[in-house]
file final-v1.cif (mmCIF, C-alpha atoms)
data_model
loop_
_atom_site.label_atom_id
_atom_site.label_comp_id
_atom_site.auth_asym_id
_atom_site.auth_seq_id
_atom_site.Cartn_x
_atom_site.Cartn_y
_atom_site.Cartn_z
CA ARG A 1 -202.91 -45.29 189.48
CA PHE A 2 -205.56 -47.03 187.38
CA GLU A 3 -204.81 -50.40 185.89
CA ALA A 4 -207.31 -50.11 183.09
CA GLY A 5 -208.64 -51.76 180.00
CA SER A 6 -211.66 -51.45 177.80
CA TYR A 7 -214.13 -53.66 176.05
CA TYR A 8 -216.53 -52.44 173.44
CA ILE A 9 -219.31 -54.30 171.66
CA PRO A 10 -221.29 -52.08 169.28
CA HIS A 11 -224.90 -52.95 168.63
CA PRO A 12 -225.13 -55.04 165.43
CA ASP A 13 -227.40 -52.46 163.81
CA LYS A 14 -224.92 -49.62 164.35
CA ARG A 15 -222.84 -48.89 161.31
CA ASN A 16 -219.05 -48.74 161.38
CA ASP A 17 -217.72 -49.24 164.90
CA GLY A 18 -220.68 -47.89 166.82
CA GLU A 19 -221.17 -44.49 168.41
CA ASP A 20 -219.13 -44.53 171.61
CA SER A 21 -215.58 -43.45 172.37
CA HIS A 22 -213.40 -43.57 175.44
CA TYR A 23 -210.10 -42.37 176.88
CA ILE A 24 -207.82 -44.27 179.26
CA HIS A 25 -204.83 -42.86 181.14
CA SER A 26 -203.11 -44.02 184.33
CA GLN A 27 -205.05 -41.38 186.33
CA TYR A 28 -208.03 -40.59 184.10
CA LEU A 29 -210.93 -42.48 182.51
CA ALA A 30 -213.65 -41.16 180.23
CA VAL A 31 -216.58 -42.55 178.24
CA PHE A 32 -218.56 -40.68 175.60
CA ASP A 33 -221.79 -42.20 174.29
CA GLY A 34 -222.64 -40.62 170.94
CA VAL A 35 -226.35 -40.06 170.35
CA GLY A 36 -227.42 -42.49 167.63
CA SER A 37 -230.34 -40.51 166.25
CA TRP A 38 -227.84 -38.39 164.29
CA SER A 39 -227.42 -41.32 161.90
CA GLU A 40 -231.01 -40.73 160.73
CA LYS A 41 -229.72 -37.43 159.32
CA GLY A 42 -226.68 -39.05 157.70
CA ILE A 43 -224.31 -37.82 160.41
CA SER A 44 -221.90 -40.12 162.20
CA ALA A 45 -222.63 -40.10 165.94
CA ARG A 46 -219.11 -41.41 166.52
CA ASP A 47 -217.42 -38.32 165.06
CA TYR A 48 -218.62 -36.16 167.94
CA SER A 49 -217.86 -38.69 170.69
CA GLU A 50 -214.42 -39.35 169.17
CA SER A 51 -213.73 -35.61 169.16
CA LEU A 52 -214.59 -35.49 172.87
CA ALA A 53 -212.17 -38.36 173.56
CA GLU A 54 -209.37 -36.70 171.57
CA SER A 55 -209.97 -33.37 173.32
CA THR A 56 -209.89 -35.16 176.68
CA LYS A 57 -206.50 -36.58 175.77
CA LEU A 58 -205.27 -33.09 174.89
CA ALA A 59 -206.64 -31.65 178.13
CA VAL A 60 -204.91 -34.29 180.27
CA GLU A 61 -201.66 -34.95 178.45
CA THR A 62 -200.81 -31.55 176.98
CA LEU A 63 -202.70 -28.92 178.96
CA GLN A 64 -202.40 -30.89 182.22
CA ILE A 65 -205.95 -30.13 183.31
CA THR A 66 -206.69 -32.32 186.36
CA ASP A 67 -210.30 -31.68 187.36
CA PRO A 68 -212.85 -33.95 185.60
CA LEU A 69 -215.41 -31.16 185.21
CA ASP A 70 -212.78 -28.86 183.70
CA ILE A 71 -211.64 -31.68 181.38
CA MET A 72 -215.22 -32.28 180.25
CA THR A 73 -215.76 -28.55 179.72
CA HIS A 74 -212.58 -28.31 177.64
CA ALA A 75 -213.61 -31.30 175.52
CA CYS A 76 -217.07 -29.82 174.96
CA ASP A 77 -215.59 -26.48 173.91
CA GLN A 78 -213.14 -28.14 171.51
CA ALA A 79 -215.84 -30.26 169.84
CA PHE A 80 -218.12 -27.27 169.26
CA SER A 81 -217.66 -27.21 165.47
CA ILE A 82 -218.55 -30.90 164.99
CA VAL A 83 -222.19 -31.82 164.47
CA GLY A 84 -223.45 -34.38 166.96
CA SER A 85 -224.13 -34.89 170.64
CA SER A 86 -223.09 -37.25 173.40
CA THR A 87 -223.37 -38.11 177.04
CA ALA A 88 -220.09 -37.76 178.94
CA ILE A 89 -218.44 -39.15 182.05
CA VAL A 90 -214.89 -38.32 183.16
CA ALA A 91 -213.12 -39.63 186.28
CA SER A 92 -209.75 -38.77 187.82
CA LEU A 93 -207.68 -40.51 190.46
CA GLN A 94 -205.62 -38.23 192.70
CA GLN A 95 -203.91 -40.08 195.56
CA ASP A 96 -206.74 -41.76 197.51
CA THR A 97 -209.57 -39.75 195.93
CA ILE A 98 -211.63 -40.46 192.85
CA LYS A 99 -213.55 -37.56 191.39
CA CYS A 100 -216.12 -38.03 188.67
CA ALA A 101 -218.12 -35.63 186.49
CA ASN A 102 -221.16 -37.16 184.78
CA LEU A 103 -223.58 -35.65 182.30
CA GLY A 104 -226.26 -38.03 181.01
CA ASP A 105 -226.91 -41.71 181.51
CA SER A 106 -223.42 -43.16 181.42
CA VAL A 107 -222.33 -44.54 184.74
CA MET A 108 -219.49 -44.99 187.20
CA PHE A 109 -219.52 -47.91 189.62
CA LEU A 110 -217.10 -47.92 192.56
CA ILE A 111 -216.96 -51.47 193.92
CA ARG A 112 -215.12 -52.53 197.09
CA GLY A 113 -215.09 -56.27 197.65
CA GLN A 114 -218.69 -57.22 196.91
CA GLN A 115 -220.10 -53.87 198.02
CA LEU A 116 -221.28 -51.08 195.75
CA ILE A 117 -219.78 -47.90 197.21
CA ARG A 118 -220.99 -45.51 194.51
CA LYS A 119 -223.14 -45.58 191.42
CA THR A 120 -223.64 -42.28 189.64
CA ASP A 121 -227.20 -41.16 188.93
CA ASP A 122 -228.79 -41.09 185.49
CA GLN A 123 -229.74 -37.69 184.19
CA GLN A 124 -232.70 -37.90 181.81
CA MET A 125 -235.05 -35.28 180.40
CA GLU A 126 -237.52 -38.13 179.93
CA PHE A 127 -237.33 -41.83 179.14
CA ASN A 128 -234.56 -42.58 176.63
CA GLN A 129 -233.59 -38.91 176.37
CA PRO A 130 -230.50 -38.44 178.51
CA TYR A 131 -228.85 -35.14 179.22
CA GLN A 132 -226.28 -34.53 176.50
CA ILE A 133 -223.79 -32.01 175.22
CA GLY A 134 -223.37 -30.97 171.60
CA THR A 135 -225.28 -29.59 168.65
CA GLY A 136 -228.67 -28.18 169.58
CA SER A 137 -228.23 -28.95 173.28
CA HIS A 138 -228.77 -26.22 175.86
CA MET A 139 -226.76 -28.28 178.35
CA TYR A 140 -223.19 -27.54 179.37
CA PRO A 141 -220.88 -29.36 181.80
CA ASP A 142 -220.56 -26.42 184.24
CA THR A 143 -224.32 -26.18 184.71
CA HIS A 144 -225.61 -29.73 184.13
CA ALA A 145 -222.94 -32.26 185.08
CA GLN A 146 -223.08 -33.95 188.47
CA VAL A 147 -219.80 -34.23 190.39
CA TYR A 148 -218.98 -37.06 192.79
CA VAL A 149 -215.99 -37.38 195.13
CA ASP A 150 -215.13 -40.63 196.92
CA THR A 151 -212.24 -42.13 198.81
CA ILE A 152 -210.71 -45.06 196.98
CA GLN A 153 -208.69 -47.96 198.39
CA ASP A 154 -206.25 -50.48 196.93
CA GLY A 155 -208.22 -53.29 195.37
CA ASP A 156 -211.29 -51.19 194.54
CA TYR A 157 -212.80 -51.55 191.09
CA VAL A 158 -213.96 -48.58 189.05
CA VAL A 159 -216.23 -49.21 186.07
CA LEU A 160 -217.14 -46.45 183.64
CA ALA A 161 -219.69 -47.47 181.04
CA SER A 162 -222.31 -46.19 178.67
CA ASP A 163 -225.95 -47.11 179.21
CA GLY A 164 -225.33 -50.05 176.90
CA LEU A 165 -224.08 -51.92 179.98
CA THR A 166 -226.74 -50.82 182.46
CA ASP A 167 -229.59 -51.28 179.97
CA ASN A 168 -228.60 -54.92 179.59
CA MET A 169 -227.33 -55.96 183.05
CA TYR A 170 -228.68 -55.44 186.56
CA ASP A 171 -226.35 -53.76 189.05
CA GLY A 172 -226.13 -56.99 191.06
CA ASN A 173 -224.92 -58.91 188.01
CA ILE A 174 -222.27 -56.30 187.31
CA ILE A 175 -221.01 -56.44 190.91
CA ALA A 176 -221.11 -60.27 190.86
CA MET A 177 -218.68 -60.29 187.92
CA PHE A 178 -215.99 -59.14 190.30
CA LYS A 179 -216.36 -62.32 192.39
CA LYS A 180 -214.82 -64.08 189.43
CA VAL A 181 -211.91 -61.68 188.97
CA ILE A 182 -208.57 -63.18 189.89
CA VAL A 183 -205.67 -60.79 190.17
CA VAL A 184 -202.26 -62.31 189.60
CA GLN A 185 -199.24 -60.26 190.57
CA VAL A 186 -195.89 -61.29 189.16
#
call {"tool": "encode", "arguments": {"input": "final-v1.cif", "output": "C-alpha cells"}}
result
Amino acid sequence: RFEAGSYYIPHPDKRNDGEDSHYIHSQYLAVFDGVGSWSEKGISARDYSESLAESTKLAVETLQITDPLDIMTHACDQAFSIVGSSTAIVASLQQDTIKCANLGDSVMFLIRGQQLIRKTDDQQMEFNQPYQIGTGSHMYPDTHAQVYVDTIQDGDYVVLASDGLTDNMYDGNIIAMFKKVIVVQV
C-alpha cells in the first residue's frame, strides 16, 4: 500500500493552476504533464491532463483495471474528444511488485535507503519534444509506452514526477532529500 501525497508548484508564467494533473490511490499513482504549447492556440493544456487523471480514477475505482499500461490506454481512449496532449506515467503496487508504464519524459524513481534502484528513461523525439499522447499525436500507450517491473520493499520510496522536477534538480539531489525524511509511526 502506498502512503502518498503530492506537491505541485506551477511555473509562474503558466495561467490558472498550471498544466499537470495527477491521481493518487492506495495502490496506484499517476502523473500527466499537459503540453504547454496548446496555450498558444488558446487551449488549456490542463483540460487534457485533467481528463487523463479523471479517466485513470474511473479505470481503477470503477472498472477495476489493474495493469498500468491498460489504465493508461483506457485514459487515453476516454480523453480522445478533448483537444490537447500530455506525457503520462502510471504505477501500480501489487504485493511486493511495482509496475510502471511511462510515455514521455515524466519519471519514476524507486529509492531504497540512499540507493537509486530504478529511474525510468526519458522518451524524446528530440530535445524538449517528449513522446506524448493526444490530439495530433501518432503515439499510443500500447505501442510507445515503456513498462518497468521491480520488486519493492517496506521503506522504499517511489517518486513520480513531471520533467519539472528533473529539469530543475539533479538525481543525486532528489535522492539526498530522503536522508532528511523522518518517519514517525504512532
call {"tool": "closest_residue", "arguments": {"input": "final-v1.cif", "among": "A:Asp105, A:Asp167, A:Asp33, A:Asp70", "to": "Gly134 in chain A", "atoms": "all atoms listed in the file"}}
result
A:Asp33
call {"tool": "residues_around", "arguments": {"input": "final-v1.cif", "residues": "range 153-162 of chain A", "least_positions_apart": "6", "cutoff": "8 Å", "atoms": "all atoms listed in the file", "output": "list in words"}}
result
Asp20, Leu29, Ala30, Val31, Phe32, Asp33, Ile89, Asp96, Asp105, Ser106, Val107, Met108, Phe109, Leu110, Ile111, Arg112 and Gly113 of chain A
call {"tool": "closest_residue", "arguments": {"input": "final-v1.cif", "among": "A:Gln27, A:Ser86, A:Met125, A:Gln115", "to": "Ile65 in chain A", "atoms": "only C-alpha atoms"}}
result
A:Gln27
call {"tool": "residues_near_point", "arguments": {"input": "final-v1.cif", "point": "(-211.1, -37.2, 170.4)", "cutoff": "10 Å", "atoms": "only C-alpha atoms", "output": "list in words"}}
result
Ser21, His22, Tyr23, Phe32, Arg46, Asp47, Tyr48, Ser49, Glu50, Ser51, Leu52, Ala53, Glu54, Ser55, Thr56, Lys57, Leu58, Ala75, Gln78 and Ala79 of chain A
call {"tool": "residues_around", "arguments": {"input": "final-v1.cif", "residues": "His25 in chain A", "least_positions_apart": "4", "cutoff": "10 Å", "atoms": "all atoms listed in the file", "output": "PDB file with C-alpha atoms, in the frame of the given file"}}
result
ATOM      1  CA  ARG A   1    -202.910 -45.290 189.480  1.00  0.00           C
ATOM      2  CA  PHE A   2    -205.560 -47.030 187.380  1.00  0.00           C
ATOM      3  CA  GLU A   3    -204.810 -50.400 185.890  1.00  0.00           C
ATOM      4  CA  ALA A   4    -207.310 -50.110 183.090  1.00  0.00           C
ATOM      5  CA  GLY A   5    -208.640 -51.760 180.000  1.00  0.00           C
ATOM      6  CA  LEU A  29    -210.930 -42.480 182.510  1.00  0.00           C
ATOM      7  CA  ALA A  30    -213.650 -41.160 180.230  1.00  0.00           C
ATOM      8  CA  LYS A  57    -206.500 -36.580 175.770  1.00  0.00           C
ATOM      9  CA  VAL A  60    -204.910 -34.290 180.270  1.00  0.00           C
ATOM     10  CA  GLU A  61    -201.660 -34.950 178.450  1.00  0.00           C
ATOM     11  CA  SER A  92    -209.750 -38.770 187.820  1.00  0.00           C
TER      12      SER A  92
END
call {"tool": "atom_distance", "arguments": {"input": "final-v1.cif", "atom1": "CA of Lys99 in chain A", "atom2": "CA of Val149 in chain A"}}
result
4.5 Å
call {"tool": "closest_residue", "arguments": {"input": "final-v1.cif", "among": "A:Thr143, A:Gln94, A:Asn102, A:Ser85", "to": "Gln129 in chain A", "atoms": "only C-alpha atoms"}}
result
A:Ser85
call {"tool": "build_atoms", "arguments": {"input": "final-v1.cif", "residues": "range 24-46 of chain A", "atoms": "N, CA, C and O atoms", "output": "mmCIF file, in the coordinates of the input"}}
result
data_model
loop_
_atom_site.group_PDB
_atom_site.id
_atom_site.type_symbol
_atom_site.label_atom_id
_atom_site.label_comp_id
_atom_site.auth_asym_id
_atom_site.auth_seq_id
_atom_site.Cartn_x
_atom_site.Cartn_y
_atom_site.Cartn_z
ATOM 1 N N ILE A 24 -208.423 -43.613 178.087
ATOM 2 C CA ILE A 24 -207.820 -44.270 179.260
ATOM 3 C C ILE A 24 -206.427 -43.708 179.475
ATOM 4 O O ILE A 24 -205.635 -43.605 178.538
ATOM 5 N N HIS A 25 -206.133 -43.378 180.712
ATOM 6 C CA HIS A 25 -204.830 -42.860 181.140
ATOM 7 C C HIS A 25 -204.594 -43.437 182.538
ATOM 8 O O HIS A 25 -205.540 -43.860 183.197
ATOM 9 N N SER A 26 -203.392 -43.422 183.017
ATOM 10 C CA SER A 26 -203.110 -44.020 184.330
ATOM 11 C C SER A 26 -203.868 -43.333 185.472
ATOM 12 O O SER A 26 -204.074 -43.940 186.519
ATOM 13 N N GLN A 27 -204.304 -42.082 185.288
ATOM 14 C CA GLN A 27 -205.050 -41.380 186.330
ATOM 15 C C GLN A 27 -206.417 -40.862 185.879
ATOM 16 O O GLN A 27 -207.115 -40.228 186.671
ATOM 17 N N TYR A 28 -206.790 -41.136 184.633
ATOM 18 C CA TYR A 28 -208.030 -40.590 184.100
ATOM 19 C C TYR A 28 -208.750 -41.639 183.249
ATOM 20 O O TYR A 28 -208.118 -42.402 182.532
ATOM 21 N N LEU A 29 -210.074 -41.632 183.345
ATOM 22 C CA LEU A 29 -210.930 -42.480 182.510
ATOM 23 C C LEU A 29 -212.069 -41.624 182.001
ATOM 24 O O LEU A 29 -212.564 -40.743 182.717
ATOM 25 N N ALA A 30 -212.518 -41.901 180.776
ATOM 26 C CA ALA A 30 -213.650 -41.160 180.230
ATOM 27 C C ALA A 30 -214.398 -42.024 179.226
ATOM 28 O O ALA A 30 -213.788 -42.825 178.512
ATOM 29 N N VAL A 31 -215.719 -41.862 179.198
ATOM 30 C CA VAL A 31 -216.580 -42.550 178.240
ATOM 31 C C VAL A 31 -217.533 -41.521 177.649
ATOM 32 O O VAL A 31 -218.124 -40.715 178.382
ATOM 33 N N PHE A 32 -217.674 -41.582 176.326
ATOM 34 C CA PHE A 32 -218.560 -40.680 175.600
ATOM 35 C C PHE A 32 -219.490 -41.522 174.745
ATOM 36 O O PHE A 32 -219.031 -42.276 173.887
ATOM 37 N N ASP A 33 -220.788 -41.409 174.990
ATOM 38 C CA ASP A 33 -221.790 -42.200 174.290
ATOM 39 C C ASP A 33 -222.494 -41.311 173.270
ATOM 40 O O ASP A 33 -223.393 -40.535 173.600
ATOM 41 N N GLY A 34 -222.060 -41.424 172.010
ATOM 42 C CA GLY A 34 -222.640 -40.620 170.940
ATOM 43 C C GLY A 34 -224.111 -40.933 170.741
ATOM 44 O O GLY A 34 -224.533 -42.087 170.836
ATOM 45 N N VAL A 35 -224.896 -39.915 170.490
ATOM 46 C CA VAL A 35 -226.350 -40.060 170.350
ATOM 47 C C VAL A 35 -226.657 -40.569 168.939
ATOM 48 O O VAL A 35 -226.388 -39.901 167.936
ATOM 49 N N GLY A 36 -227.224 -41.773 168.886
ATOM 50 C CA GLY A 36 -227.420 -42.490 167.630
ATOM 51 C C GLY A 36 -228.409 -41.883 166.675
ATOM 52 O O GLY A 36 -228.345 -42.154 165.474
ATOM 53 N N SER A 37 -229.315 -41.054 167.159
ATOM 54 C CA SER A 37 -230.340 -40.510 166.250
ATOM 55 C C SER A 37 -229.732 -39.612 165.172
ATOM 56 O O SER A 37 -230.396 -39.323 164.177
ATOM 57 N N TRP A 38 -228.485 -39.184 165.338
ATOM 58 C CA TRP A 38 -227.840 -38.390 164.290
ATOM 59 C C TRP A 38 -227.701 -39.180 162.994
ATOM 60 O O TRP A 38 -227.683 -38.613 161.907
ATOM 61 N N SER A 39 -227.595 -40.502 163.105
ATOM 62 C CA SER A 39 -227.420 -41.320 161.900
ATOM 63 C C SER A 39 -228.644 -41.216 160.974
ATOM 64 O O SER A 39 -228.518 -41.396 159.765
ATOM 65 N N GLU A 40 -229.810 -40.904 161.551
ATOM 66 C CA GLU A 40 -231.010 -40.730 160.730
ATOM 67 C C GLU A 40 -230.891 -39.516 159.814
ATOM 68 O O GLU A 40 -231.612 -39.402 158.823
ATOM 69 N N LYS A 41 -229.973 -38.615 160.138
ATOM 70 C CA LYS A 41 -229.720 -37.430 159.320
ATOM 71 C C LYS A 41 -228.449 -37.576 158.493
ATOM 72 O O LYS A 41 -227.958 -36.603 157.925
ATOM 73 N N GLY A 42 -227.900 -38.795 158.472
ATOM 74 C CA GLY A 42 -226.680 -39.050 157.700
ATOM 75 C C GLY A 42 -225.416 -38.578 158.371
ATOM 76 O O GLY A 42 -224.374 -38.449 157.730
ATOM 77 N N ILE A 43 -225.471 -38.318 159.668
ATOM 78 C CA ILE A 43 -224.310 -37.820 160.410
ATOM 79 C C ILE A 43 -223.806 -38.929 161.329
ATOM 80 O O ILE A 43 -224.579 -39.579 162.028
ATOM 81 N N SER A 44 -222.498 -39.111 161.341
ATOM 82 C CA SER A 44 -221.900 -40.120 162.200
ATOM 83 C C SER A 44 -221.932 -39.664 163.655
ATOM 84 O O SER A 44 -221.349 -38.634 164.006
ATOM 85 N N ALA A 45 -222.589 -40.429 164.507
ATOM 86 C CA ALA A 45 -222.630 -40.100 165.940
ATOM 87 C C ALA A 45 -221.251 -40.292 166.564
ATOM 88 O O ALA A 45 -220.930 -39.668 167.571
ATOM 89 N N ARG A 46 -220.442 -41.148 165.968
ATOM 90 C CA ARG A 46 -219.110 -41.410 166.520
ATOM 91 C C ARG A 46 -218.163 -40.221 166.339
ATOM 92 O O ARG A 46 -217.265 -40.015 167.162
#
